[in-house]
Number of protein chains: 2
Amino acid sequence: MEPPASPRRVTIVDVARHAQVSTTAVSKVLRNAYGASPEMRAKVRRAIDELGYRPLAAARGMRGRTYTIGVMLPDIRNPFFPEILDGITGCLEDTDYQVLLGPGCNGEKEELRVTEAMIDRGMDGLVLVAPVSSRDRLDHVASVLPTVVVGRHGHSPVYDTVVADDVAGAALVVEHLAGLGHRRIAHVEHHETDPTRTAEMPNAQRADGYRRAMRSLGLDAEIDVVSTTYTQQGGYLGAKELLARALRPTAVFAGADIVAMGVLEAVGEAGLSVPGDLSVVGYDNTTFAALGPISLTSVDQAGREIGRNAARLLLERIADRGKPSVQVKLSPTLVERRTTARPGA
Amino acid sequence: MEPPASPRRVTIVDVARHAQVSTTAVSKVLRNAYGASPEMRAKVRRAIDELGYRPLAAARGMRGRTYTIGVMLPDIRNPFFPEILDGITGCLEDTDYQVLLGPGCNGEKEELRVTEAMIDRGMDGLVLVAPVSSRDRLDHVASVLPTVVVGRHGHSPVYDTVVADDVAGAALVVEHLAGLGHRRIAHVEHHETDPTRTAEMPNAQRADGYRRAMRSLGLDAEIDVVSTTYTQQGGYLGAKELLARALRPTAVFAGADIVAMGVLEAVGEAGLSVPGDLSVVGYDNTTFAALGPISLTSVDQAGREIGRNAARLLLERIADRGKPSVQVKLSPTLVERRTTARPGA
DNA sequence: GTGAAAGCGCTAACAC
DNA sequence: GTGTTAGCGCTTTCAC
């Protein structure tokens, strides 16, 4: 005989009866709220343990909070995002909050679905990582729920932001390469079509940072940008184009590690060697940049730190929805590996 | 002036009033339940659109379902899991169900926390991917909530399972290598310490499949297994050990792609070439196996198909909790790339 | 086919 | 400091 379907969940009423107190008392203990004596707390705690009681988030959510934080990651496949997530969960693990993630979103439509789903499920707050939705949409979400936006430049009075300084990151790359003696340093960028959003996206900031850094080193004439997408395929095609130039670049700054993978493939096919014939730099310092056979020089964005900040700001905003919005900008660092060297080395 | 905090959500009562019907009617339309005329449905639908109404999952959950499916992934960093997730969401996107993920779990304690959180949040069903919890715990979870376990061998009357045939996958690898002329084929395995769980885990099945395949090819004497962990570091150390043998193997079957990465690194350090001196095969056919500079021969588990099956079984179980449990076993395929060749080629 | 009304488990006023 | 009680937004009997 199977045990007859779930034998009714233990509720706050059971706990109250068992502890011989009111449900209010139990509720107060659960929320660490003011107005319960130490003896009462002890009694209630014991009853909770003895009965194995756990509060039902849905029921709590109907009056108060659900103690749930929603995190939206654009692409679970991008190995940079888990770092951010670790930072968030690490910051939250000693609280009563639980993190739940939306499944991969790769467009505005999916983002809409996921953010709505999270609002409908009574999340207490949201962390949106590199969202592509319009500013209006972000403002709307943030007006409904405490929200922190990660990895997107641009301010808003209703939500906080945490970003890495992409302009500085690009400058690190250019300076590193120039320091090795490179002059013909090309950049493979992700081309954004939407003009209103463009300036807020990291890829645009990286391209901008590249141009600025080249100029300030007096390399204006060597600026060479190929527009593709942040994919392996994009990097492959971009590199093909660069390698076909009459005067080949001696170094390539790929806007993302995955792009660098495509670049490396194209270089290999062309029978050239890295870093002998061409130095290659990526961005994000993802897991595979560190893989032995690849060993890619890359920019590290301190994802953990980004996540930690996002979680902290979110808790602060949940505590005080009216507080002025905060913008945090973190400095990236360069991780030198085996894909960069002196030109012709 | 800021707009005064959220101007109260539209509820079922508002919709009922606007459509001039009862709340019962609205509820029926929402759930596509029996007992509402076509005209009534139309009226209600229109009111819902006009008011921009969306049901609150928490409130629905108090009486009925939350229309939320929880998915637990052990490690978001493993690029194999997104495939499964895609299969799940793909199967569910035309339903009213929404998928939410637990954040990365890397141990029994975290799994406990996440599964409890999901139960407490009123999930309608759970998909547990490669859980490490005890059988008792899995049985308990499944007794509370419709559950499908993915990537773990072993049956249960209370939950359904979906697995790839790891024994067959290992055989594919051995046969491929033997077909190329290899005889000294070594295996780098992940060593499981818990004896009760061991047989259910994919790593054990792969090692077992390796041994069986070697034997059935008459290569009993060449069986050579190194025990480490499914990490890059594990692969690196395992390969070091293998390369130090008096009679080196000519091929290595790494139990996971990430292990193969470590093997490749060790081989490179030893000044040997792949596949010239050593053929290497991975498992999972992850994103980086396909990366140009790596191009790793690997076993593909058809993650999408696994996910699709899991979602289908879960929906069936939600519809009928009493139905007998089902075990689905899918056949993997081998993807040949550039890390395998004839010995000494 | 339709609607009134009773709860689901919890929190928050408000009495005591 | 403690308990009583009225809902939160929805689903679900059960009358009509």
# chains A, B, ... in the order shown; residues from 1 in each chain; ligands from 1
$ residues_around --residues "region 232-246 of chain A" --least-positions-apart "5" --cutoff "10 Å" --atoms "only C-alpha atoms (C1' of nucleotides)" --output "PyMOL selection string"
(chain A and resi 186-190+224-227+252+254-267+269-270+272+278) or (chain B and resi 291-292)
$ interface_residues --of "chain D" --to "chain A" --cutoff "7 Å" --atoms "only C-alpha atoms (C1' of nucleotides)" --output "ChimeraX atom specification"
/D:1,3,8
$ closest_atom_pairs --of "chain C" --to "chain A" --cutoff "10 Å" --atoms "only C-alpha atoms (C1' of nucleotides)" --output "JSON lines"
{"residue": "C:DC8", "atom": "C1'", "partner": "A:Ala59", "partner_atom": "CA", "distance": 8.1}
{"residue": "C:DG9", "atom": "C1'", "partner": "A:Ala59", "partner_atom": "CA", "distance": 5.0}
{"residue": "C:DC10", "atom": "C1'", "partner": "A:Arg60", "partner_atom": "CA", "distance": 5.0}
{"residue": "C:DT11", "atom": "C1'", "partner": "A:Arg63", "partner_atom": "CA", "distance": 5.4}
{"residue": "C:DA12", "atom": "C1'", "partner": "A:Arg63", "partner_atom": "CA", "distance": 8.3}
$ select_by_dssp --residues "region 39-205 of chain B" --states "alpha helix (DSSP H)" --output "VMD selection string"
chain B and resid 39 to 51 57 to 63 81 to 92 108 to 120 135 to 144 166 to 179 195 to 198 202 to 205
$ calpha_fit_and_write --fixed "chain A" --moving "chain B" --output "short mmCIF file (atom, residue, chain, number, x, y, z; two decimals) with C-alpha atoms, in the first residue's frame"
data_model
loop_
_atom_site.label_atom_id
_atom_site.label_comp_id
_atom_site.auth_asym_id
_atom_site.auth_seq_id
_atom_site.Cartn_x
_atom_site.Cartn_y
_atom_site.Cartn_z
CA MET B 1 -0.11 -0.11 -0.26
CA GLU B 2 1.10 3.32 -1.20
CA PRO B 3 0.94 5.86 1.61
CA PRO B 4 -2.19 7.91 0.96
CA ALA B 5 -1.13 11.11 -0.80
CA SER B 6 0.71 13.77 1.18
CA PRO B 7 -0.70 13.68 4.75
CA ARG B 8 -1.47 17.40 4.87
CA ARG B 9 1.31 19.84 5.43
CA VAL B 10 2.08 21.09 8.92
CA THR B 11 0.73 24.62 9.26
CA ILE B 12 1.19 27.51 11.57
CA VAL B 13 -1.98 26.42 13.36
CA ASP B 14 -0.47 23.05 14.22
CA VAL B 15 2.61 24.76 15.57
CA ALA B 16 0.52 27.18 17.63
CA ARG B 17 -1.52 24.38 19.13
CA HIS B 18 1.55 22.27 19.86
CA ALA B 19 3.31 25.19 21.54
CA GLN B 20 0.11 26.31 23.27
CA VAL B 21 0.31 29.83 21.91
CA SER B 22 -1.52 31.85 19.29
CA THR B 23 -0.81 31.78 15.57
CA THR B 24 0.17 35.42 15.87
CA ALA B 25 2.95 34.45 18.21
CA VAL B 26 4.24 31.85 15.78
CA SER B 27 4.13 34.32 12.92
CA LYS B 28 6.13 36.81 14.95
CA VAL B 29 8.79 34.28 15.74
CA LEU B 30 9.02 33.29 12.08
CA ARG B 31 9.64 36.85 11.05
CA ASN B 32 11.81 37.80 14.02
CA ALA B 33 9.25 40.51 14.60
CA TYR B 34 8.92 42.62 17.70
CA GLY B 35 6.55 41.55 20.45
CA ALA B 36 7.45 38.06 21.65
CA SER B 37 9.22 37.18 24.88
CA PRO B 38 12.34 35.02 24.85
CA GLU B 39 10.46 32.17 26.53
CA MET B 40 7.75 32.32 23.91
CA ARG B 41 10.31 32.30 21.14
CA ALA B 42 11.97 29.25 22.63
CA LYS B 43 8.67 27.41 22.99
CA VAL B 44 7.69 28.16 19.41
CA ARG B 45 11.10 27.24 18.04
CA ARG B 46 10.91 23.90 19.76
CA ALA B 47 7.44 23.19 18.40
CA ILE B 48 8.62 24.09 14.90
CA ASP B 49 11.51 21.66 15.16
CA GLU B 50 9.42 18.89 16.65
CA LEU B 51 6.78 19.11 13.98
CA GLY B 52 9.22 19.77 11.14
CA TYR B 53 7.24 22.84 10.18
CA ARG B 54 8.26 24.95 7.20
CA PRO B 55 6.33 28.04 6.12
CA LEU B 56 4.62 27.98 2.74
CA ALA B 57 6.02 30.80 0.66
CA ALA B 58 2.85 31.26 -1.38
CA ALA B 59 0.78 31.86 1.71
CA ARG B 60 3.32 34.25 3.17
CA GLY B 61 3.40 36.08 -0.10
CA MET B 62 -0.30 36.83 0.01
CA ARG B 63 0.19 39.23 2.86
CA GLY B 64 3.89 39.85 3.19
CA ARG B 65 6.95 38.65 1.37
CA THR B 66 7.83 35.37 -0.31
CA TYR B 67 11.50 35.53 0.64
CA THR B 68 12.38 34.79 -2.94
CA ILE B 69 14.74 36.71 -5.19
CA GLY B 70 14.44 36.25 -8.94
CA VAL B 71 17.56 36.34 -11.08
CA MET B 72 17.36 36.63 -14.82
CA LEU B 73 20.41 35.49 -16.78
CA PRO B 74 20.39 36.16 -20.52
CA ASP B 75 22.28 33.04 -21.50
CA ILE B 76 23.04 30.26 -19.13
CA ARG B 77 25.64 29.02 -21.61
CA ASN B 78 27.90 32.00 -21.15
CA PRO B 79 30.33 30.85 -18.48
CA PHE B 80 30.71 34.37 -17.16
CA PHE B 81 27.27 34.45 -15.62
CA PRO B 82 27.70 31.68 -13.06
CA GLU B 83 30.30 33.88 -11.40
CA ILE B 84 27.75 36.60 -10.90
CA LEU B 85 25.28 34.06 -9.62
CA ASP B 86 27.79 32.76 -7.09
CA GLY B 87 28.28 36.27 -5.83
CA ILE B 88 24.54 36.73 -5.42
CA THR B 89 23.86 33.43 -3.67
CA GLY B 90 26.94 33.85 -1.51
CA CYS B 91 25.66 37.18 -0.25
CA LEU B 92 22.20 35.78 0.37
CA GLU B 93 22.95 32.40 1.91
CA ASP B 94 22.88 33.65 5.46
CA THR B 95 19.55 35.34 4.98
CA ASP B 96 16.07 33.86 4.69
CA TYR B 97 16.04 34.67 1.01
CA GLN B 98 16.15 32.01 -1.65
CA VAL B 99 17.32 32.61 -5.20
CA LEU B 100 15.45 31.26 -8.21
CA LEU B 101 16.61 31.70 -11.79
CA GLY B 102 14.71 32.31 -14.94
CA PRO B 103 15.61 29.98 -17.79
CA GLY B 104 17.84 31.37 -20.54
CA CYS B 105 16.48 34.42 -22.27
CA ASN B 106 17.86 35.41 -25.61
CA GLY B 107 15.61 38.23 -26.62
CA GLU B 108 13.13 40.85 -25.61
CA LYS B 109 10.16 38.53 -25.88
CA GLU B 110 11.66 35.93 -23.56
CA GLU B 111 12.71 38.61 -21.13
CA LEU B 112 9.17 39.87 -21.01
CA ARG B 113 7.83 36.43 -20.30
CA VAL B 114 10.35 35.72 -17.56
CA THR B 115 10.06 39.08 -15.81
CA GLU B 116 6.26 38.82 -15.85
CA ALA B 117 6.43 35.29 -14.52
CA MET B 118 8.63 36.48 -11.69
CA ILE B 119 6.36 39.36 -10.82
CA ASP B 120 3.34 37.05 -10.91
CA ARG B 121 5.11 34.64 -8.60
CA GLY B 122 5.53 37.27 -5.96
CA MET B 123 9.29 37.65 -6.02
CA ASP B 124 10.47 40.16 -3.42
CA GLY B 125 13.11 41.53 -5.75
CA LEU B 126 14.78 41.03 -9.10
CA VAL B 127 18.32 40.99 -10.41
CA LEU B 128 18.40 41.44 -14.16
CA VAL B 129 21.70 40.50 -15.75
CA ALA B 130 22.52 42.18 -19.05
CA PRO B 131 18.88 42.66 -20.05
CA VAL B 132 18.12 43.71 -23.62
CA SER B 133 14.67 45.10 -22.92
CA SER B 134 13.85 48.75 -23.52
CA ARG B 135 14.45 51.36 -20.87
CA ASP B 136 10.71 51.78 -20.51
CA ARG B 137 10.28 48.13 -19.75
CA LEU B 138 13.06 48.16 -17.17
CA ASP B 139 11.58 51.25 -15.55
CA HIS B 140 8.21 49.56 -15.42
CA VAL B 141 9.54 46.38 -13.83
CA ALA B 142 11.47 48.41 -11.30
CA SER B 143 8.36 50.41 -10.45
CA VAL B 144 6.58 47.19 -9.53
CA LEU B 145 9.43 45.41 -7.76
CA PRO B 146 12.77 46.30 -6.18
CA THR B 147 15.21 45.76 -9.04
CA VAL B 148 18.94 45.80 -9.68
CA VAL B 149 20.25 45.84 -13.24
CA VAL B 150 23.64 44.29 -13.84
CA GLY B 151 25.95 44.76 -16.81
CA ARG B 152 24.15 47.57 -18.51
CA HIS B 153 25.35 51.12 -18.43
CA GLY B 154 22.95 53.99 -18.00
CA HIS B 155 21.20 55.36 -14.94
CA SER B 156 17.67 55.26 -13.69
CA PRO B 157 16.03 56.76 -10.65
CA VAL B 158 14.04 53.58 -9.98
CA TYR B 159 16.67 50.85 -10.10
CA ASP B 160 20.26 50.41 -8.99
CA THR B 161 22.97 49.28 -11.38
CA VAL B 162 26.18 47.31 -11.11
CA VAL B 163 28.57 47.30 -14.04
CA ALA B 164 32.16 46.57 -14.81
CA ASP B 165 34.03 49.44 -16.41
CA ASP B 166 34.14 48.22 -20.00
CA VAL B 167 35.93 51.30 -21.27
CA ALA B 168 38.71 50.71 -18.75
CA GLY B 169 38.77 47.00 -19.65
CA ALA B 170 39.29 47.74 -23.32
CA ALA B 171 42.04 50.18 -22.39
CA LEU B 172 43.79 47.47 -20.38
CA VAL B 173 43.85 45.28 -23.47
CA VAL B 174 45.14 47.96 -25.81
CA GLU B 175 47.80 49.10 -23.35
CA HIS B 176 48.95 45.53 -22.77
CA LEU B 177 49.31 44.91 -26.50
CA ALA B 178 50.93 48.27 -27.17
CA GLY B 179 53.30 47.62 -24.29
CA LEU B 180 54.39 44.44 -26.04
CA GLY B 181 55.18 46.51 -29.11
CA HIS B 182 52.03 46.03 -31.17
CA ARG B 183 50.73 48.89 -33.27
CA ARG B 184 48.28 47.26 -35.69
CA ILE B 185 45.76 46.20 -33.07
CA ALA B 186 42.35 45.32 -34.49
CA HIS B 187 39.05 44.89 -32.66
CA VAL B 188 36.21 42.46 -33.36
CA GLU B 189 33.02 43.98 -32.03
CA HIS B 190 29.39 42.97 -31.61
CA HIS B 191 27.25 45.24 -33.68
CA GLU B 192 24.12 46.49 -31.99
CA THR B 193 21.36 47.63 -34.27
CA ASP B 194 19.04 49.38 -31.87
CA PRO B 195 20.34 52.95 -31.56
CA THR B 196 18.48 53.82 -28.38
CA ARG B 197 19.93 50.90 -26.50
CA THR B 198 23.38 50.86 -28.02
CA ALA B 199 25.22 53.15 -25.67
CA GLU B 200 24.04 51.21 -22.63
CA MET B 201 25.38 47.85 -23.77
CA PRO B 202 28.81 46.56 -22.73
CA ASN B 203 29.84 45.71 -26.29
CA ALA B 204 29.45 49.32 -27.37
CA GLN B 205 31.44 50.48 -24.37
CA ARG B 206 34.25 48.07 -25.20
CA ALA B 207 34.45 49.28 -28.79
CA ASP B 208 34.42 52.84 -27.55
CA GLY B 209 37.13 52.10 -24.99
CA TYR B 210 39.23 50.49 -27.71
CA ARG B 211 39.01 53.58 -29.92
CA ARG B 212 39.78 55.96 -27.09
CA ALA B 213 42.77 53.93 -25.91
CA MET B 214 44.17 53.70 -29.43
CA ARG B 215 43.86 57.44 -29.84
CA SER B 216 45.47 58.30 -26.54
CA LEU B 217 48.44 56.15 -27.57
CA GLY B 218 48.70 58.01 -30.84
CA LEU B 219 47.54 54.98 -32.81
CA ASP B 220 44.59 56.75 -34.44
CA ALA B 221 45.67 55.62 -37.88
CA GLU B 222 45.74 51.97 -36.86
CA ILE B 223 42.17 51.80 -35.58
CA ASP B 224 40.58 48.81 -37.28
CA VAL B 225 37.18 47.53 -36.20
CA VAL B 226 35.31 44.56 -37.67
CA SER B 227 31.62 44.36 -36.87
CA THR B 228 30.13 40.93 -36.32
CA THR B 229 28.39 39.28 -33.39
CA TYR B 230 29.56 37.95 -30.03
CA THR B 231 29.59 34.33 -31.20
CA GLN B 232 32.24 31.84 -32.20
CA GLN B 233 31.04 32.14 -35.78
CA GLY B 234 31.29 35.91 -35.55
CA GLY B 235 34.88 35.69 -34.40
CA TYR B 236 35.71 33.25 -37.15
CA LEU B 237 34.32 35.46 -39.90
CA GLY B 238 35.77 38.60 -38.39
CA ALA B 239 39.22 37.04 -38.26
CA LYS B 240 38.93 35.83 -41.86
CA GLU B 241 38.33 39.41 -42.87
CA LEU B 242 41.24 40.73 -40.84
CA LEU B 243 43.64 38.08 -42.11
CA ALA B 244 42.78 39.01 -45.68
CA ARG B 245 43.99 42.60 -45.20
CA ALA B 246 47.00 43.64 -47.29
CA LEU B 247 48.68 44.70 -44.07
CA ARG B 248 47.57 42.18 -41.46
CA PRO B 249 47.09 43.29 -37.85
CA THR B 250 49.59 41.78 -35.43
CA ALA B 251 47.07 41.62 -32.61
CA VAL B 252 43.33 41.13 -32.27
CA PHE B 253 41.18 42.25 -29.37
CA ALA B 254 38.05 40.09 -29.42
CA GLY B 255 35.13 41.63 -27.54
CA ALA B 256 34.35 38.34 -25.78
CA ASP B 257 36.13 35.05 -25.11
CA ILE B 258 33.74 33.14 -27.32
CA VAL B 259 34.67 35.50 -30.16
CA ALA B 260 38.34 34.80 -29.49
CA MET B 261 37.62 31.08 -29.95
CA GLY B 262 36.45 31.76 -33.47
CA VAL B 263 39.47 33.95 -34.11
CA LEU B 264 41.81 31.19 -32.95
CA GLU B 265 40.11 28.73 -35.25
CA ALA B 266 40.47 31.01 -38.27
CA VAL B 267 44.11 31.66 -37.44
CA GLY B 268 44.78 27.93 -37.21
CA GLU B 269 43.11 27.33 -40.56
CA ALA B 270 45.22 30.03 -42.16
CA GLY B 271 48.30 28.15 -41.05
CA LEU B 272 49.38 30.96 -38.75
CA SER B 273 50.47 30.57 -35.16
CA VAL B 274 49.42 32.27 -31.94
CA PRO B 275 51.04 34.31 -30.54
CA GLY B 276 53.88 34.11 -33.08
CA ASP B 277 51.99 35.57 -36.00
CA LEU B 278 49.08 37.06 -34.13
CA SER B 279 48.35 37.91 -30.51
CA VAL B 280 44.76 37.36 -29.39
CA VAL B 281 42.93 38.76 -26.36
CA GLY B 282 39.44 37.90 -25.17
CA TYR B 283 37.06 39.41 -22.65
CA ASP B 284 35.25 37.90 -19.64
CA ASN B 285 37.93 35.46 -18.48
CA THR B 286 35.50 32.58 -18.85
CA THR B 287 36.21 29.02 -17.84
CA PHE B 288 37.51 28.03 -21.21
CA ALA B 289 39.96 30.91 -21.40
CA ALA B 290 41.76 29.08 -18.61
CA LEU B 291 41.67 25.67 -20.32
CA GLY B 292 45.18 24.34 -20.87
CA PRO B 293 45.05 23.95 -24.64
CA ILE B 294 43.65 27.46 -25.06
CA SER B 295 45.23 29.62 -22.38
CA LEU B 296 43.70 32.87 -23.59
CA THR B 297 44.74 36.27 -22.32
CA SER B 298 41.49 37.89 -21.20
CA VAL B 299 39.87 40.63 -19.17
CA ASP B 300 38.45 39.53 -15.84
CA GLN B 301 35.32 41.32 -14.70
CA ALA B 302 35.23 40.06 -11.14
CA GLY B 303 31.82 38.49 -11.61
CA ARG B 304 31.59 37.40 -8.00
CA GLU B 305 32.09 40.93 -6.82
CA ILE B 306 29.47 42.15 -9.26
CA GLY B 307 26.99 39.60 -7.91
CA ARG B 308 27.75 40.41 -4.32
CA ASN B 309 27.13 44.10 -4.92
CA ALA B 310 23.91 43.41 -6.77
CA ALA B 311 22.56 41.30 -3.92
CA ARG B 312 23.55 43.87 -1.33
CA LEU B 313 21.90 46.70 -3.22
CA LEU B 314 18.76 44.64 -3.70
CA LEU B 315 18.46 43.88 0.00
CA GLU B 316 18.91 47.56 0.74
CA ARG B 317 16.24 48.50 -1.75
CA ILE B 318 13.83 45.90 -0.40
CA ALA B 319 14.36 47.43 3.02
CA ASP B 320 13.76 50.94 1.71
CA ARG B 321 12.08 51.24 -1.64
CA GLY B 322 12.31 54.98 -1.66
CA LYS B 323 16.06 55.35 -1.29
CA PRO B 324 17.92 57.11 -4.09
CA SER B 325 19.31 54.79 -6.76
CA VAL B 326 22.93 53.76 -6.66
CA GLN B 327 25.38 53.04 -9.48
CA VAL B 328 28.32 50.78 -8.78
CA LYS B 329 31.14 50.53 -11.29
CA LEU B 330 33.86 47.94 -10.76
CA SER B 331 37.30 47.88 -12.32
CA PRO B 332 38.29 44.88 -14.41
CA THR B 333 41.76 43.36 -14.49
CA LEU B 334 43.82 41.74 -17.22
CA VAL B 335 44.81 38.09 -16.99
CA GLU B 336 47.84 37.44 -19.16
CA ARG B 337 48.16 33.97 -20.63
CA ARG B 338 49.83 32.39 -23.62
CA THR B 339 48.01 34.00 -26.55
CA THR B 340 49.84 37.32 -26.32
CA ALA B 341 53.52 38.08 -26.94
CA ARG B 342 55.78 40.57 -28.70
CA PRO B 343 54.94 40.90 -32.39
CA GLY B 344 56.85 38.39 -34.49
CA ALA B 345 58.06 36.60 -31.38
#
$ residues_around --residues "DC14 (chain C)" --least-positions-apart "5" --cutoff "12 Å" --atoms "only C-alpha atoms (C1' of nucleotides)" --output "VMD selection string"
chain D and resid 3 to 6
$ select_by_dssp --residues "region 97-329 of chain A" --states "strand (DSSP E)" --output "JSON, numbers by chain"
{"A": [98, 99, 100, 101, 102, 125, 126, 127, 128, 129, 147, 148, 149, 150, 160, 161, 162, 163, 164, 185, 186, 187, 188, 189, 190, 224, 225, 226, 227, 228, 251, 252, 253, 254, 279, 280, 281, 298, 299, 300, 327, 328, 329]}
$ atom_distance --atom1 "C1' of DC16 (chain D)" --atom2 "C1' of DG1 (chain C)"
10.6 Å
$ decode --residues "region 2-16 of chain C" --atoms "N, CA, C and O atoms (P, O5', C5', C4', C3', O3' and C1' of nucleotides)" --output "CSV table (one decimal), in the first residue's frame"
chain,number,residue,atom,x,y,z
C,2,DT,P,-23.1,30.6,-18.8
C,2,DT,O5',-23.3,30.8,-17.3
C,2,DT,C5',-24.5,31.5,-16.8
C,2,DT,C4',-24.5,31.5,-15.3
C,2,DT,C3',-23.3,32.3,-14.7
C,2,DT,O3',-23.8,33.6,-14.3
C,2,DT,C1',-24.0,30.4,-13.5
C,3,DG,P,-22.8,34.7,-13.6
C,3,DG,O5',-23.1,34.3,-12.1
C,3,DG,C5',-24.3,34.6,-11.5
C,3,DG,C4',-24.3,34.2,-10.1
C,3,DG,C3',-23.3,34.9,-9.2
C,3,DG,O3',-23.9,35.2,-8.0
C,3,DG,C1',-22.9,32.6,-9.0
C,4,DA,P,-23.5,36.4,-7.1
C,4,DA,O5',-23.7,35.9,-5.6
C,4,DA,C5',-24.8,34.9,-5.4
C,4,DA,C4',-24.6,34.2,-4.1
C,4,DA,C3',-23.8,34.9,-3.0
C,4,DA,O3',-24.3,34.5,-1.8
C,4,DA,C1',-22.6,33.0,-3.7
C,5,DA,P,-23.7,35.1,-0.4
C,5,DA,O5',-22.6,34.0,0.0
C,5,DA,C5',-23.1,32.6,0.0
C,5,DA,C4',-21.9,31.8,0.5
C,5,DA,C3',-21.0,32.4,1.6
C,5,DA,O3',-20.6,31.4,2.4
C,5,DA,C1',-19.7,31.8,-0.2
C,6,DA,P,-20.0,31.7,3.9
C,6,DA,O5',-19.1,30.4,4.2
C,6,DA,C5',-19.5,29.2,3.6
C,6,DA,C4',-18.2,28.4,3.3
C,6,DA,C3',-17.1,28.6,4.4
C,6,DA,O3',-16.4,27.3,4.5
C,6,DA,C1',-16.3,29.2,2.3
C,7,DG,P,-15.5,27.0,5.7
C,7,DG,O5',-14.5,28.2,5.5
C,7,DG,C5',-13.2,27.8,5.8
C,7,DG,C4',-12.5,27.3,4.6
C,7,DG,C3',-11.0,27.5,4.7
C,7,DG,O3',-10.3,26.3,4.4
C,7,DG,C1',-11.7,28.6,2.8
C,8,DC,P,-9.2,25.8,5.3
C,8,DC,O5',-7.9,25.8,4.4
C,8,DC,C5',-7.7,25.0,3.2
C,8,DC,C4',-6.7,25.6,2.4
C,8,DC,C3',-5.5,26.2,3.1
C,8,DC,O3',-4.4,25.2,3.2
C,8,DC,C1',-6.2,27.7,1.4
C,9,DG,P,-3.8,24.8,4.6
C,9,DG,O5',-2.8,26.0,4.9
C,9,DG,C5',-1.7,26.2,4.0
C,9,DG,C4',-1.0,27.5,4.3
C,9,DG,C3',-0.6,27.6,5.8
C,9,DG,O3',0.8,28.1,5.7
C,9,DG,C1',-1.9,29.4,5.2
C,10,DC,P,1.6,28.4,7.1
C,10,DC,O5',1.5,29.9,7.2
C,10,DC,C5',2.3,30.7,6.3
C,10,DC,C4',1.7,32.1,6.1
C,10,DC,C3',2.0,33.0,7.2
C,10,DC,O3',3.2,33.8,6.9
C,10,DC,C1',-0.3,33.2,6.5
C,11,DT,P,3.9,34.7,7.9
C,11,DT,O5',3.0,36.0,7.8
C,11,DT,C5',3.0,36.8,6.6
C,11,DT,C4',2.2,38.0,6.7
C,11,DT,C3',2.6,39.0,7.8
C,11,DT,O3',2.5,40.3,7.2
C,11,DT,C1',0.4,38.4,8.2
C,12,DA,P,3.1,41.6,7.8
C,12,DA,O5',1.8,42.3,8.4
C,12,DA,C5',0.8,42.6,7.4
C,12,DA,C4',-0.4,43.3,8.2
C,12,DA,C3',0.1,44.3,9.2
C,12,DA,O3',-0.9,45.4,9.2
C,12,DA,C1',-1.1,42.7,10.3
C,13,DA,P,-0.3,46.9,9.3
C,13,DA,O5',-1.4,47.7,10.2
C,13,DA,C5',-1.9,47.1,11.2
C,13,DA,C4',-3.5,47.2,11.1
C,13,DA,C3',-4.1,47.9,12.3
C,13,DA,O3',-5.3,48.6,11.9
C,13,DA,C1',-4.4,45.6,12.6
C,14,DC,P,-5.8,49.8,12.8
C,14,DC,O5',-6.4,49.0,14.1
C,14,DC,C5',-7.4,48.0,13.9
C,14,DC,C4',-7.5,47.2,15.2
C,14,DC,C3',-7.6,48.0,16.5
C,14,DC,O3',-8.8,47.8,17.1
C,14,DC,C1',-6.2,46.1,16.7
C,15,DA,P,-9.4,48.9,18.1
C,15,DA,O5',-10.1,48.1,19.2
C,15,DA,C5',-9.4,47.5,20.2
C,15,DA,C4',-9.7,46.1,20.5
C,15,DA,C3',-9.8,45.9,22.0
C,15,DA,O3',-10.9,45.1,22.4
C,15,DA,C1',-7.9,44.8,21.1
C,16,DC,P,-11.4,45.4,23.9
C,16,DC,O5',-10.3,44.7,24.8
C,16,DC,C5',-10.3,43.2,24.9
C,16,DC,C4',-9.0,42.8,25.4
C,16,DC,C3',-8.7,43.0,26.9
C,16,DC,O3',-8.9,41.8,27.6
C,16,DC,C1',-6.8,43.2,25.5
